[in-house]
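Participant: Quick one: structure below, then a few questions.
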Amino acid sequence: MTDPDISEDVQQMIQRHLATMDHVELLMLLRGSREDSFTPQRLSERMRKPPAMVQQCLDDLSRGGLAAQLSDGTYRYAAREENLDRTAEAVVRLYNERPVTLVRFLYERPPTAVNTFADAFKLRRQP
């Protein structure tokens, strides 16, 4: 799915690194406090989300070059490239100015091949 109202860079970041609104909200929290580092537990408390979900989002953002785990086990915002930081800023701006557009784009995108494959193994109740 493409949306002419969302820049190509933002669309690609969402497709590659921001699977859910939880990812977006965690990115915003980390980016808004870029000088600070947080334990996963503290992030879980601030977001009011389960620790396992927060850890998964941290892992995803770290793999995407948007967060980094420090030697003390805490995490901080760490866009590995200037372009990633500019795009993350555009995602934050989209969230603040047009949240419905962001949510719609995030959840109306087609499933990835990995999701489709994983869904094939979900247990379904027999009628």
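Every chain in the structure tokens takes a letter, A first, then B, and so on in the order presented; its residues are numbered from 1, and the ligands are numbered from 1 following the presented order.
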Tell me, which residues of chain A carry DSSP alpha helix (DSSP H), written as a PyMOL selection string?
Facilitator: chain A and resi 8-17+21-32+40-47+51-63+82-97+99-108+113-119
Participant: Hey, what does DSSP flag as strand (DSSP E or B) within stretch 5-125 of chain A? Can you give it to me as a PyMOL selection string?
Facilitator: chain A and resi 38+67-69+75-77
Participant: In terms of the shortest atom-to-atom distance over only C-alpha atoms, which of A:Ile6, A:Leu58, A:Ala90, A:Ala52 is closest to A:Ala19?
Facilitator: A:Leu58
Participant: Please identify all polymer residues within 12 Å of A:Arg42, counting only C-alpha atoms, omitting same-chain residues fewer than 5 positions from it, and present them as a list in words.
Facilitator: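 Neighbouring residues, sequence-local ones excluded: Leu26, Leu29, Leu30, Asp36, Ser37, Met47, Arg48, Lys49, Pro50, Pro51, Val54, Gln55, Gly73, Thr74 and Tyr75 of chain A.
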Participant: Just N, CA and C atoms for this one: save the residues we selected as a short mmCIF file (atom, residue, chain, number, x, y, z; two decimals), in the first residue's frame.
Facilitator:
```cif
data_model
loop_
_atom_site.label_atom_id
_atom_site.label_comp_id
_atom_site.auth_asym_id
_atom_site.auth_seq_id
_atom_site.Cartn_x
_atom_site.Cartn_y
_atom_site.Cartn_z
N LEU A 26 6.97 3.80 21.18
CA LEU A 26 8.27 3.60 21.81
C LEU A 26 9.33 4.44 21.11
N LEU A 29 8.91 7.93 22.38
CA LEU A 29 9.38 8.08 23.75
C LEU A 29 10.91 8.16 23.78
N LEU A 30 11.57 7.24 23.08
CA LEU A 30 13.03 7.23 23.08
C LEU A 30 13.59 8.49 22.40
N ASP A 36 18.65 10.38 27.39
CA ASP A 36 18.43 9.45 28.50
C ASP A 36 18.48 8.02 27.99
N SER A 37 18.72 7.10 28.91
CA SER A 37 18.61 5.68 28.61
C SER A 37 17.65 5.06 29.61
N MET A 47 5.07 3.22 29.33
CA MET A 47 4.13 2.98 28.23
C MET A 47 2.86 2.27 28.69
N ARG A 48 2.94 1.71 29.89
CA ARG A 48 1.83 0.90 30.42
C ARG A 48 1.52 -0.27 29.49
N LYS A 49 2.61 -0.96 29.13
CA LYS A 49 2.54 -2.11 28.23
C LYS A 49 3.29 -3.26 28.86
N PRO A 50 2.97 -4.49 28.47
CA PRO A 50 3.66 -5.66 29.03
C PRO A 50 5.16 -5.63 28.69
N PRO A 51 5.99 -6.04 29.64
CA PRO A 51 7.44 -6.03 29.40
C PRO A 51 7.86 -6.82 28.15
N VAL A 54 7.29 -4.68 25.09
CA VAL A 54 8.27 -3.59 25.02
C VAL A 54 9.62 -4.15 24.58
N GLN A 55 10.01 -5.28 25.11
CA GLN A 55 11.30 -5.88 24.73
C GLN A 55 11.30 -6.23 23.24
N GLY A 73 22.79 -2.48 29.91
CA GLY A 73 21.50 -3.13 29.67
C GLY A 73 20.36 -2.17 29.39
N THR A 74 20.62 -0.88 29.47
CA THR A 74 19.58 0.10 29.16
C THR A 74 19.56 0.36 27.66
N TYR A 75 18.50 1.03 27.22
CA TYR A 75 18.33 1.36 25.80
C TYR A 75 18.17 2.86 25.65
#
```
Participant: A:Val24: which residues within 12 Å, counting only C-alpha atoms, same-chain residues fewer than 2 positions away excluded, as an NGL selection string?
Facilitator: :A and (10 or 13-15 or 17-22 or 26-32 or 47 or 54 or 57-58 or 60-61 or 66 or 88-96 or 99 or 102-103 or 106)
Participant: Report, in Å with one decimal, the straight-line distance from atom CA of A:Thr39 to atom CA of A:Asp85.
Facilitator: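 Between atom CA of A:Thr39 and atom CA of A:Asp85 the gap is 21.8 Å.
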Participant: To one decimal place in Å, what is the distance between atom CA of A:Gln12 and atom CA of A:Val100?
Facilitator: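 These two atoms are separated by 18.0 Å.
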Participant: Mind pulling up the distance from atom CA of A:Leu84 to atom CA of A:Arg34?
Facilitator: 14.0 Å
